[in-house]
Protein chains: 4
Amino acid sequence: MIEKIDGVKAGIKLCYGMVGGGQGSMIGGTHRKAIALDSLAEIAAGCFSRSAENNTATAKALGIARDRCYGSFEEMAKAEAARSDKIDFVVIATPNDSHFAACKAFLNNGIHVVCDKPLTLEAAEARELADIAKKNKLLFAVTYTYTGFPAVKQIREMIRAGSIGEIRYVNAEYLQDWLATAVEKEGNKQAQWRLDPKSSGRTNTVGDIGSHIENMVSCVTGLRIKSLCARLDKIVEGRVLDDNANIMVEYTSGAKGFYWPCQVAIGYSNGLRLRILGSKGSIQWTQENPDYIDLFKLGQPKECWALGEEGFHPLAQNHSKIPSSRPAGYHEIMGNIYKTYIGALAKLKAGQTVSEEDMDFPGVEMGVDGVIFINKCAESSGKGAVWVDL
Amino acid sequence: MIEKIDGVKAGIKLCYGMVGGGQGSMIGGTHRKAIALDSLAEIAAGCFSRSAENNTATAKALGIARDRCYGSFEEMAKAEAARSDKIDFVVIATPNDSHFAACKAFLNNGIHVVCDKPLTLEAAEARELADIAKKNKLLFAVTYTYTGFPAVKQIREMIRAGSIGEIRYVNAEYLQDWLATAVEKEGNKQAQWRLDPKSSGRTNTVGDIGSHIENMVSCVTGLRIKSLCARLDKIVEGRVLDDNANIMVEYTSGAKGFYWPCQVAIGYSNGLRLRILGSKGSIQWTQENPDYIDLFKLGQPKECWALGEEGFHPLAQNHSKIPSSRPAGYHEIMGNIYKTYIGALAKLKAGQTVSEEDMDFPGVEMGVDGVIFINKCAESSGKGAVWVDL
Amino acid sequence: MIEKIDGVKAGIKLCYGMVGGGQGSMIGGTHRKAIALDSLAEIAAGCFSRSAENNTATAKALGIARDRCYGSFEEMAKAEAARSDKIDFVVIATPNDSHFAACKAFLNNGIHVVCDKPLTLEAAEARELADIAKKNKLLFAVTYTYTGFPAVKQIREMIRAGSIGEIRYVNAEYLQDWLATAVEKEGNKQAQWRLDPKSSGRTNTVGDIGSHIENMVSCVTGLRIKSLCARLDKIVEGRVLDDNANIMVEYTSGAKGFYWPCQVAIGYSNGLRLRILGSKGSIQWTQENPDYIDLFKLGQPKECWALGEEGFHPLAQNHSKIPSSRPAGYHEIMGNIYKTYIGALAKLKAGQTVSEEDMDFPGVEMGVDGVIFINKCAESSGKGAVWVDL
Amino acid sequence: MIEKIDGVKAGIKLCYGMVGGGQGSMIGGTHRKAIALDSLAEIAAGCFSRSAENNTATAKALGIARDRCYGSFEEMAKAEAARSDKIDFVVIATPNDSHFAACKAFLNNGIHVVCDKPLTLEAAEARELADIAKKNKLLFAVTYTYTGFPAVKQIREMIRAGSIGEIRYVNAEYLQDWLATAVEKEGNKQAQWRLDPKSSGRTNTVGDIGSHIENMVSCVTGLRIKSLCARLDKIVEGRVLDDNANIMVEYTSGAKGFYWPCQVAIGYSNGLRLRILGSKGSIQWTQENPDYIDLFKLGQPKECWALGEEGFHPLAQNHSKIPSSRPAGYHEIMGNIYKTYIGALAKLKAGQTVSEEDMDFPGVEMGVDGVIFINKCAESSGKGAVWVDL
């Protein structure tokens with residue numbers, strides 16, 4: 001009998017709901033395509049927009065039954081929980097300020113959750129979600145997308161295997177340029193909500209992309225931040241939230257680091273880059289050329305590892321669903337997170353034991369760490385870029 | 001009302017069948033994932049393997065009804081044609097030698113076809129398929145995958161717009177290394193059938209990847225080959241088909257070119273690269289960094305265009321379904337071809353007019369050109385690497 | 001009549017002396033080759049080593065008259081000053097701690113000086129040298145080598161011309177790996193004196209390569225540092241001076257920046273890199289590919305400027321002595337500094353007016369700035385990485 | 001006692017003369033600077049231009065005694081040969097058509113020769129020069145500049161050591177764009193003589209840069225060409241000599257190759273690139289990033305070797321005179337050729353034995369090979385791009 005086809009376990013087929021992600025949303029479609037890629041789950045319910053018209057039309061276009069298109073997430077959580085064919089999990093794809101309430105509603109109704117990052121505005125809220133999920137034994141993923149790259153898993157395994165020795169220093173940056181001019185004054189909706197403290201909280205850039213840096217470093221190195229000194233800059237005139245930040249960090253291990261998220265770096269569209277210096281070597285990776293890893297070992301010629309080559313860790317190899325040396329794309333990496341999450345969910349549903357390896361997706365504790373990081377950066381900067389403990 | 005969601009027309013949902021692509025096949029899963037990405041069509045029937053066990057198990061894993069899992073493609077073509085809920089199109093994903101018979105069976109039964117390249121072993125066969133498709137008004141795509149990159153469409157539009165003036169010279173190469181050693185003697189199945197004239201025809205490397213070069217150049221430049229001089233090398237001892245080739249070409253426009261497909265280039269996994277020299281500028285593109293285009297204009301600093309930037313042609317922009325500056329992956333580009341093909345098919349089915357722009361996928365005439373090219377290369381080389389006309 | 005040959009003014013031929021640079025020294029030979037490249041000056045005197053044997057043998061090998069090989073720089077300064085054929089200038093190529101005394105000796109004896117960086121250990125010393133040079137009307141260059149790259153001049157001119165608008169943020173790094181292990185315990189002489197506070201002063205990495213960053217940024221942007229927050233790390237166990245540093249800066253203009261000098265970055269041999277973000281564009285340059293400049297303009301494709309191309313500023317073009325598109329090497333850039341310095345000296349000697357453009361080499365005031373920067377970094381770090389004003 | 005200083009043997013100091021290289025010449029200054037870099041030889045005589053005025057003024061500017069500035073090379077050869085302080089060697093830096101006569105004059109007068117490439121217009125002439133040099137025991141270098149890169153020596157040693165196994169295929173290209181438009185009609189003197197058969201012989205591009213390819217491949221691989229098939233294109237209208245060429249080659253070892261010299265490739269200034277495929281690995285190198293070598297070994301991650309790193313062959317290490325990881329520039333590589341040549345000459349002059357390793361500069365036999373290659377390309381192309389034996 002065939003156990004696997006197209007790289008996934010035969011027979012898995014769950015259904016899910018979505019909050020947010022109506023027409024005009026960028027991220028909603030990304031989630032749906034990522035889930036579709038492996039045909040592991042089908043959308044069955046949703047509350048896509050505060051606009052009734054958008055909500056209904058989106059539901060119709062997606063082929064959702066009329067009675068499963070809901071006017072509010074509270075209603076949706078209750079109604080779905082009551083159904084025998086209820087959704088297996090929900091995807092929360094709304095702006096940051098509603099993450100907490102939406103997640104809480106579904107968790108309290110016993111529905112598994114996938115939520116965009118940053119998880120919440122306040123650390124206490126994130127903590128509360130984590131606690132409910134734990135108590136109710138619900139699977140909770142936070143879509144830190146970039147950890148879905150096969151190469152990122154490979155870096156983690158290389159470090160775990162000691163390839164670069166003890167980590168000494170981490171330099172990570174994430175450069176974009178879409179906020180290089182005051183686009184929020186020219187009708188750019190995403191810029192508007194991201195630069196508005198009401199929807200985004202205490203920070204813009206740190207929360208949006210700084211948190212990707214924090215998660216990525218934590219994910220591949222396992223290092224935990226002990227203290228940090230952050231300066232959040234408002235470079236484009238008239239902004240009340242940051243569009244650039246410099247963050248010096250110290251880890252509990254004694255290693256040091258520096259993070260630079262920036263959204264006014266003209267010419268850099270999505271420049272997430274990682275350099276990790278160790279006692280025996282260094283590792284370098286960049287999102288703009290994501291299938292390659294530079295590994296530098298003391299006294300050796302530089303090595304460039306390419307996705308799909310011999311020597312890649314099985315975990316990273318399996319993680320990738322693409323033929324050797326064809327590029328891993330954005331939907332594929334988001335799909336990798338969903339593939340793992342849905343795989344674990346299917347096991348759970350089938351009453352099987354879910355191992356730690358089965359849970360190799362960014363979970364709710366990572367979401368909690370992210371919110372703490374963001375708020376500590378804001379605190380440090382507010383006090384004049386001084387050192388604060390985490 | 002919402003017209004489009006996730007970048008695709010609302011309401012399209014076709015069903016398809018597949019020949020080949022059972023468990024163990026690399027390309028079958030790629031086709032299925034690419035189609036799933038936009039949720040435009042669902043698999044409903046198939047004949048996945050000559051092994052009955054593999055065939056049945058694959059069908060089961062894919063959730064296909066028992067009566068639509070067929071023992072042969074002839075049976076499948078007839079049976080499906082007779083159904084009221086028949087498949088809208090079939091995907092042929094078998095080794096090269098069965099393309100002709102399989103395509104012909106479905107075309108003759110009035111079913112639209114998507115076929116892997118190279119289309120057939122013999123030019124006359126390819127011509128015949130093209131003629132049947134035309135006569136029966138059937139949509140026929142040949143999956144020259146790499147033309148699905150948004151950047152490739154952009155290059156075509158740049159050239160059409162005169163960015164580099166009149167084309168003078170084309171240098172294109174496609175370097176792989178998976179045949180650098182005699183893996184066909186060590187149980188590599190793909191190497192075995194590809195290096196066997198019975199399944200692959202007169203060439204290996206030229207047919208497998210040389211044809212991608214030929215199609216890519218033709219697609220972006222519009223140039224047609226007038227004559228060529230090819231030397232097909234059998235570098236690894238004991239091979240009867242080529243693993244490397246050098247092909248000098250002359251186009252009908254008077255422009256010149258050189259193609260270099262190679263499968264023994266250690267360290268090059270999937271290095272498809274294109275350089276086009278014109279009277280006013282040059283263009284350079286490489287598959288290993290596929291979202292970037294180098295445009296060099298006379299007397300100007302070099303320009304590097306990145307996917308998603310302002311200035312990209314709307315056609316290339318729309319073609320991409322990914323957020324700005326996130327990488328376009330392998331499934332996404334195959335998906336781009338399917339998205340266009342299925343969109344055209346849906347229009348056709350709805351009785352609407354299908355425009356030339358709707359048909360912007362690699363069609364059967366490109367398949368014909370490919371087979372002619374492959375066989376002329378073999379002819380030239382067989383005569384001692386002399387010039388032959390096309 | 002021919003005015004120029006090989007790019008230099010015909011007829012210039014000065015003579016010079018050297019302090020330091022005996023056999024075994026890396027930098028002495030670099031200075032001599034750089035000067036020889038344009039045949040503008042000949043070595044005529046020296047005090048090459050504290051070892052009498054090395055001193056004599058070096059002098060002999062360089063063809064220096066016996067009576068112009070001196071036992072001490074004090075003796076040399078006096079004796080040369082008294083000669084009718086005295087050296088036109090002296091090159092100080094000793095470890096940092098003797099720069100001050102050596103420079104002072106020659107300046108007080110009316111001899112022009114070229115000195116390695118950092119200029120002195122203490123800011124007051126640097127100030128004193130600058131004042132003497134000014135009072136005695138002597139030309140004083142500090143060999144911040146990397147500003148000798150034609151591309152660096154070009155960047156400065158691009159910024160002056162407004163290519164990237166107002167500067168908002170500067171990120172500069174200089175990564176090496178030669179101190180990644182405790183080589184100072186394995187007999188590496190350079191590591192020994194550089195990591196010893198007696199010869200190097202308060203810092204190692206900041207003084208050695210951080211000062212190159214500071215000078216490079218100052219040179220191309222014209223920005224002046226208002227305050228800084230520096231953390232100097234001693235990463236390899238047992239060191240008393242820094243081998244890595246993170247420096248957040250604020251400029252008087254309000255722009256912000258970050259400097260990262262590091263000598264434990266395995267795999268990075270001489271990675272000096274500069275990224276300057278402006279309101280209209282960005283500029284990126286790296287020493288490891290020094291003939292290219294990336295210029296990113298808002299809403300435009302990225303531009304890559306190559307040395308020798310049309311559009312290069314005449315100053316940068318003339319500065320380069322190499323045929324178009326051949327690489328500019330290390331001796332050539334040091335030679336560029338000497339070419340300008342010696343050209344100005346020749347004018348001065350000939351009684352001609354020396355313009356500001358004639359003086360386009362790194363001068364003593366840059367040396368003063370460098371020493372202040374270094375010591376403020378040490379101060380900030382010593383207080384716990386707090387902000388200090390300059 | 002000090003044996004070496006600045007990397008060269010103490011005490012060497014020869015004198016040389018030059019034919020050609022007057023004001024306005026690009027290459028004359030390059031030779032002089034390259035020689036000056038190591039202070040190994042001084043210019044003492046010359047015949048710099050057919051223009052008496054240019055000749056006299058250049059000599060004066062270079063500080064040459066009035067009686068050693070000659071009106072013709074014949075006169076110079078005779079007069080110098082008769083002097084007790086005669087020049088040790090002569091540099092021939094004239095257009096191609098006078099190389100033969102000039103070289104012959106000096107060889108016949110017992111003076112060692114360094115000549116630009118291509119050595120002569122006719123193969124028989126080149127052979128004659130080689131024979132005279134051999135008979136008269138004179139050192140004869142042909143300045144194939146690019147073999148002076150330390151990395152090129154390193155590649156040769158890697159191949160000799162078996163790093164990539166048996167060579168299977170060579171792909172080499174040299175792309176420039178300075179002839180992309182009809183600059184010869186706009187007063188560009190170099191374009192005029194290079195595109196004129198009287199001064200350049202049967203080819204332009206093949207002779208100018210194709211010969212660099214041929215020499216570079218021969219130098220690093222040791223392969224000898226058995227037969228070739230060349231198509232020389234005249235892409236810009238109105239030209240009588242080639243501005244682009246495609247050359248398929250077969251080596252005596254059975255290995256195959258392809259050379260592509262092109263001078264109409266807009267955006268490529270000096271793009272000499274080499275890819276060598278072997279049975280165990282591949283090597284890649286490009287002149288535009290000359291201090292790095294890509295080494296790909298079967299089943300291993302790609303390696304990138306950087307100049308100055310551990311593991312570099314001593315020959316390549318010594319060859320480089322620059323501090324680790326600082327770039328090797330154009331004058332330095334030409335200087336490397338002179339350093340070796342002058343070192344061998346000094347040994348010869350001192351009556352010492354000159355070993356094969358001492359002679360590690362491009363010699364006259366390489367010059368002969370170059371002329372044969374050029375003329376066979378012209379022959380093949382003239383017959384319709386057919387295969388010809390060498």
# chains A, B, ... in the order shown; residues from 1 in each chain; ligands from 1
call {"tool": "interface_residues", "arguments": {"of": "chain D", "to": "chain A", "cutoff": "12 Å", "atoms": "only C-alpha atoms", "output": "list in words"}}
result
Tyr292, Ile293, Asp294, Leu295, Phe296, Lys297, Leu298, Gly299, Gln300, Pro301, Lys302, Glu303, Cys304, Trp305, Ala306, Leu307, Gly308, Glu309, Glu310, Gly311 and Phe312 of chain D
call {"tool": "write_last_selection", "arguments": {"atoms": "N, CA, C and O atoms", "output": "PDB file, in the first residue's frame"}}
result
ATOM      1  N   TYR D 292      39.269  35.119  -6.284  1.00  0.00           N
ATOM      2  CA  TYR D 292      38.463  34.012  -5.782  1.00  0.00           C
ATOM      3  C   TYR D 292      38.398  32.884  -6.805  1.00  0.00           C
ATOM      4  O   TYR D 292      38.349  33.120  -8.006  1.00  0.00           O
ATOM      5  N   ILE D 293      38.383  31.670  -6.314  1.00  0.00           N
ATOM      6  CA  ILE D 293      38.264  30.484  -7.172  1.00  0.00           C
ATOM      7  C   ILE D 293      37.113  29.640  -6.637  1.00  0.00           C
ATOM      8  O   ILE D 293      37.058  29.370  -5.441  1.00  0.00           O
ATOM      9  N   ASP D 294      36.218  29.249  -7.515  1.00  0.00           N
ATOM     10  CA  ASP D 294      35.177  28.305  -7.130  1.00  0.00           C
ATOM     11  C   ASP D 294      35.658  26.905  -7.466  1.00  0.00           C
ATOM     12  O   ASP D 294      35.992  26.623  -8.616  1.00  0.00           O
ATOM     13  N   LEU D 295      35.670  26.056  -6.470  1.00  0.00           N
ATOM     14  CA  LEU D 295      36.057  24.653  -6.681  1.00  0.00           C
ATOM     15  C   LEU D 295      34.887  23.781  -6.263  1.00  0.00           C
ATOM     16  O   LEU D 295      34.438  23.840  -5.119  1.00  0.00           O
ATOM     17  N   PHE D 296      34.373  23.033  -7.228  1.00  0.00           N
ATOM     18  CA  PHE D 296      33.232  22.170  -6.953  1.00  0.00           C
ATOM     19  C   PHE D 296      33.701  20.728  -7.018  1.00  0.00           C
ATOM     20  O   PHE D 296      34.197  20.282  -8.048  1.00  0.00           O
ATOM     21  N   LYS D 297      33.522  20.013  -5.930  1.00  0.00           N
ATOM     22  CA  LYS D 297      33.906  18.595  -5.928  1.00  0.00           C
ATOM     23  C   LYS D 297      32.658  17.738  -5.856  1.00  0.00           C
ATOM     24  O   LYS D 297      31.715  18.070  -5.142  1.00  0.00           O
ATOM     25  N   LEU D 298      32.710  16.628  -6.559  1.00  0.00           N
ATOM     26  CA  LEU D 298      31.575  15.708  -6.633  1.00  0.00           C
ATOM     27  C   LEU D 298      31.012  15.392  -5.250  1.00  0.00           C
ATOM     28  O   LEU D 298      31.737  14.932  -4.366  1.00  0.00           O
ATOM     29  N   GLY D 299      29.743  15.648  -5.065  1.00  0.00           N
ATOM     30  CA  GLY D 299      29.085  15.268  -3.821  1.00  0.00           C
ATOM     31  C   GLY D 299      29.469  16.101  -2.613  1.00  0.00           C
ATOM     32  O   GLY D 299      29.127  15.761  -1.487  1.00  0.00           O
ATOM     33  N   GLN D 300      30.180  17.204  -2.834  1.00  0.00           N
ATOM     34  CA  GLN D 300      30.594  18.070  -1.731  1.00  0.00           C
ATOM     35  C   GLN D 300      29.939  19.437  -1.895  1.00  0.00           C
ATOM     36  O   GLN D 300      29.589  19.831  -3.000  1.00  0.00           O
ATOM     37  N   PRO D 301      29.809  20.171  -0.786  1.00  0.00           N
ATOM     38  CA  PRO D 301      29.364  21.555  -0.957  1.00  0.00           C
ATOM     39  C   PRO D 301      30.408  22.337  -1.770  1.00  0.00           C
ATOM     40  O   PRO D 301      31.585  21.997  -1.765  1.00  0.00           O
ATOM     41  N   LYS D 302      29.947  23.356  -2.472  1.00  0.00           N
ATOM     42  CA  LYS D 302      30.868  24.157  -3.284  1.00  0.00           C
ATOM     43  C   LYS D 302      31.894  24.845  -2.401  1.00  0.00           C
ATOM     44  O   LYS D 302      31.574  25.297  -1.312  1.00  0.00           O
ATOM     45  N   GLU D 303      33.104  24.928  -2.889  1.00  0.00           N
ATOM     46  CA  GLU D 303      34.141  25.624  -2.142  1.00  0.00           C
ATOM     47  C   GLU D 303      34.510  26.914  -2.861  1.00  0.00           C
ATOM     48  O   GLU D 303      34.618  26.951  -4.076  1.00  0.00           O
ATOM     49  N   CYS D 304      34.704  27.950  -2.090  1.00  0.00           N
ATOM     50  CA  CYS D 304      35.195  29.197  -2.646  1.00  0.00           C
ATOM     51  C   CYS D 304      36.518  29.525  -1.990  1.00  0.00           C
ATOM     52  O   CYS D 304      36.579  29.764  -0.789  1.00  0.00           O
ATOM     53  N   TRP D 305      37.568  29.483  -2.773  1.00  0.00           N
ATOM     54  CA  TRP D 305      38.912  29.762  -2.270  1.00  0.00           C
ATOM     55  C   TRP D 305      39.216  31.242  -2.490  1.00  0.00           C
ATOM     56  O   TRP D 305      39.010  31.773  -3.570  1.00  0.00           O
ATOM     57  N   ALA D 306      39.757  31.867  -1.451  1.00  0.00           N
ATOM     58  CA  ALA D 306      40.110  33.278  -1.581  1.00  0.00           C
ATOM     59  C   ALA D 306      41.612  33.444  -1.472  1.00  0.00           C
ATOM     60  O   ALA D 306      42.273  32.779  -0.675  1.00  0.00           O
ATOM     61  N   LEU D 307      42.116  34.325  -2.263  1.00  0.00           N
ATOM     62  CA  LEU D 307      43.543  34.636  -2.277  1.00  0.00           C
ATOM     63  C   LEU D 307      44.055  34.860  -0.857  1.00  0.00           C
ATOM     64  O   LEU D 307      43.470  35.612  -0.086  1.00  0.00           O
ATOM     65  N   GLY D 308      45.124  34.208  -0.542  1.00  0.00           N
ATOM     66  CA  GLY D 308      45.752  34.466   0.751  1.00  0.00           C
ATOM     67  C   GLY D 308      45.336  33.479   1.819  1.00  0.00           C
ATOM     68  O   GLY D 308      45.890  33.468   2.912  1.00  0.00           O
ATOM     69  N   GLU D 309      44.345  32.661   1.515  1.00  0.00           N
ATOM     70  CA  GLU D 309      43.899  31.696   2.512  1.00  0.00           C
ATOM     71  C   GLU D 309      44.872  30.549   2.674  1.00  0.00           C
ATOM     72  O   GLU D 309      45.630  30.236   1.776  1.00  0.00           O
ATOM     73  N   GLU D 310      44.790  29.930   3.816  1.00  0.00           N
ATOM     74  CA  GLU D 310      45.547  28.708   4.022  1.00  0.00           C
ATOM     75  C   GLU D 310      45.161  27.725   2.926  1.00  0.00           C
ATOM     76  O   GLU D 310      44.042  27.718   2.464  1.00  0.00           O
ATOM     77  N   GLY D 311      46.089  26.928   2.538  1.00  0.00           N
ATOM     78  CA  GLY D 311      45.766  25.923   1.533  1.00  0.00           C
ATOM     79  C   GLY D 311      46.166  26.370   0.139  1.00  0.00           C
ATOM     80  O   GLY D 311      46.261  25.563  -0.765  1.00  0.00           O
ATOM     81  N   PHE D 312      46.401  27.657  -0.041  1.00  0.00           N
ATOM     82  CA  PHE D 312      46.894  28.110  -1.341  1.00  0.00           C
ATOM     83  C   PHE D 312      48.292  27.524  -1.551  1.00  0.00           C
ATOM     84  O   PHE D 312      49.099  27.433  -0.627  1.00  0.00           O
TER      85      PHE D 312
END
call {"tool": "select_by_dssp", "arguments": {"residues": "range 231-266 of chain B", "states": "strand (DSSP E or B)", "output": "MDAnalysis selection string"}}
result
chainID B and resid 231:233 244:251 256:262
call {"tool": "residues_around", "arguments": {"residues": "Gly210 in chain A", "least_positions_apart": "3", "cutoff": "10 Å", "atoms": "only C-alpha atoms", "output": "PyMOL selection string"}}
result
chain A and resi 118+172-175+203-207+213-216+244-247+259-262+272+370+373-374+377
call {"tool": "write_last_selection", "arguments": {"atoms": "N, CA and C atoms", "output": "short mmCIF file (atom, residue, chain, number, x, y, z; two decimals), in the first residue's frame"}}
result
data_model
loop_
_atom_site.label_atom_id
_atom_site.label_comp_id
_atom_site.auth_asym_id
_atom_site.auth_seq_id
_atom_site.Cartn_x
_atom_site.Cartn_y
_atom_site.Cartn_z
N PRO A 118 2.91 39.62 14.77
CA PRO A 118 3.13 39.27 16.17
C PRO A 118 1.83 38.79 16.80
N ALA A 172 22.01 40.13 12.54
CA ALA A 172 20.85 39.82 11.70
C ALA A 172 20.18 41.12 11.28
N GLU A 173 19.74 41.16 10.05
CA GLU A 173 19.12 42.37 9.55
C GLU A 173 17.95 42.00 8.65
N TYR A 174 17.01 42.94 8.56
CA TYR A 174 15.86 42.72 7.68
C TYR A 174 15.55 44.10 7.09
N LEU A 175 15.89 44.26 5.82
CA LEU A 175 15.78 45.57 5.19
C LEU A 175 14.69 45.59 4.13
N THR A 203 5.05 49.50 18.44
CA THR A 203 6.08 49.63 17.40
C THR A 203 5.49 49.25 16.04
N ASN A 204 6.18 49.72 15.01
CA ASN A 204 5.82 49.30 13.66
C ASN A 204 6.87 48.32 13.12
N THR A 205 8.05 48.84 12.82
CA THR A 205 9.09 48.03 12.19
C THR A 205 9.55 46.89 13.07
N VAL A 206 9.75 47.18 14.34
CA VAL A 206 10.21 46.12 15.24
C VAL A 206 9.18 44.99 15.30
N GLY A 207 7.89 45.37 15.37
CA GLY A 207 6.84 44.36 15.44
C GLY A 207 6.67 43.61 14.15
N ILE A 213 13.24 38.69 12.73
CA ILE A 213 14.66 38.51 13.08
C ILE A 213 14.77 37.75 14.40
N GLU A 214 14.06 38.25 15.39
CA GLU A 214 14.13 37.64 16.73
C GLU A 214 13.79 36.16 16.66
N ASN A 215 12.70 35.84 15.94
CA ASN A 215 12.28 34.45 15.86
C ASN A 215 13.27 33.58 15.10
N MET A 216 13.75 34.13 13.98
CA MET A 216 14.69 33.37 13.16
C MET A 216 15.95 33.03 13.95
N ASN A 244 12.66 52.26 11.55
CA ASN A 244 14.03 51.74 11.56
C ASN A 244 14.40 51.48 13.01
N ALA A 245 15.22 50.47 13.25
CA ALA A 245 15.64 50.23 14.63
C ALA A 245 17.00 49.56 14.67
N ASN A 246 17.75 49.87 15.72
CA ASN A 246 19.04 49.24 15.99
C ASN A 246 18.95 48.63 17.37
N ILE A 247 19.24 47.36 17.46
CA ILE A 247 19.05 46.65 18.72
C ILE A 247 20.31 45.84 19.05
N TYR A 259 20.66 43.39 15.97
CA TYR A 259 19.56 43.21 15.01
C TYR A 259 19.25 44.56 14.37
N TRP A 260 19.03 44.54 13.08
CA TRP A 260 18.71 45.77 12.36
C TRP A 260 17.51 45.58 11.44
N PRO A 261 16.31 45.87 11.93
CA PRO A 261 15.16 45.90 11.03
C PRO A 261 15.00 47.33 10.50
N CYS A 262 14.72 47.45 9.22
CA CYS A 262 14.64 48.78 8.60
C CYS A 262 13.64 48.73 7.46
N LEU A 272 16.15 39.96 4.37
CA LEU A 272 16.39 39.30 5.66
C LEU A 272 17.71 38.54 5.56
N GLY A 370 8.16 36.64 21.12
CA GLY A 370 8.13 37.75 20.16
C GLY A 370 7.51 39.00 20.76
N PHE A 373 9.85 40.57 23.31
CA PHE A 373 10.95 41.24 22.60
C PHE A 373 10.53 42.61 22.09
N ILE A 374 9.41 42.64 21.40
CA ILE A 374 8.91 43.89 20.81
C ILE A 374 8.71 44.96 21.89
N CYS A 377 11.97 46.28 23.41
CA CYS A 377 12.64 47.21 22.49
C CYS A 377 12.02 48.61 22.65
#
call {"tool": "select_by_dssp", "arguments": {"residues": "range 91-331 of chain D", "states": "alpha helix (DSSP H)", "output": "ChimeraX atom specification"}}
result
/D:99-108,123-135,150-160,189-194,197-200,205,211-221,314-319,330-331
call {"tool": "residues_around", "arguments": {"residues": "Gly71 in chain D", "least_positions_apart": "5", "cutoff": "10 Å", "atoms": "only C-alpha atoms", "output": "ChimeraX atom specification"}}
result
/D:46-52,55-56,76
call {"tool": "residues_around", "arguments": {"residues": "Ile164 in chain A", "least_positions_apart": "6", "cutoff": "7 Å", "atoms": "only C-alpha atoms", "output": "number ranges by chain"}}
result
A: 278-282, 297
call {"tool": "closest_residue", "arguments": {"among": "D:Asp88, D:Glu237, D:Asp38, D:Glu125", "to": "Leu14 in chain D", "atoms": "only C-alpha atoms"}}
result
D:Asp88
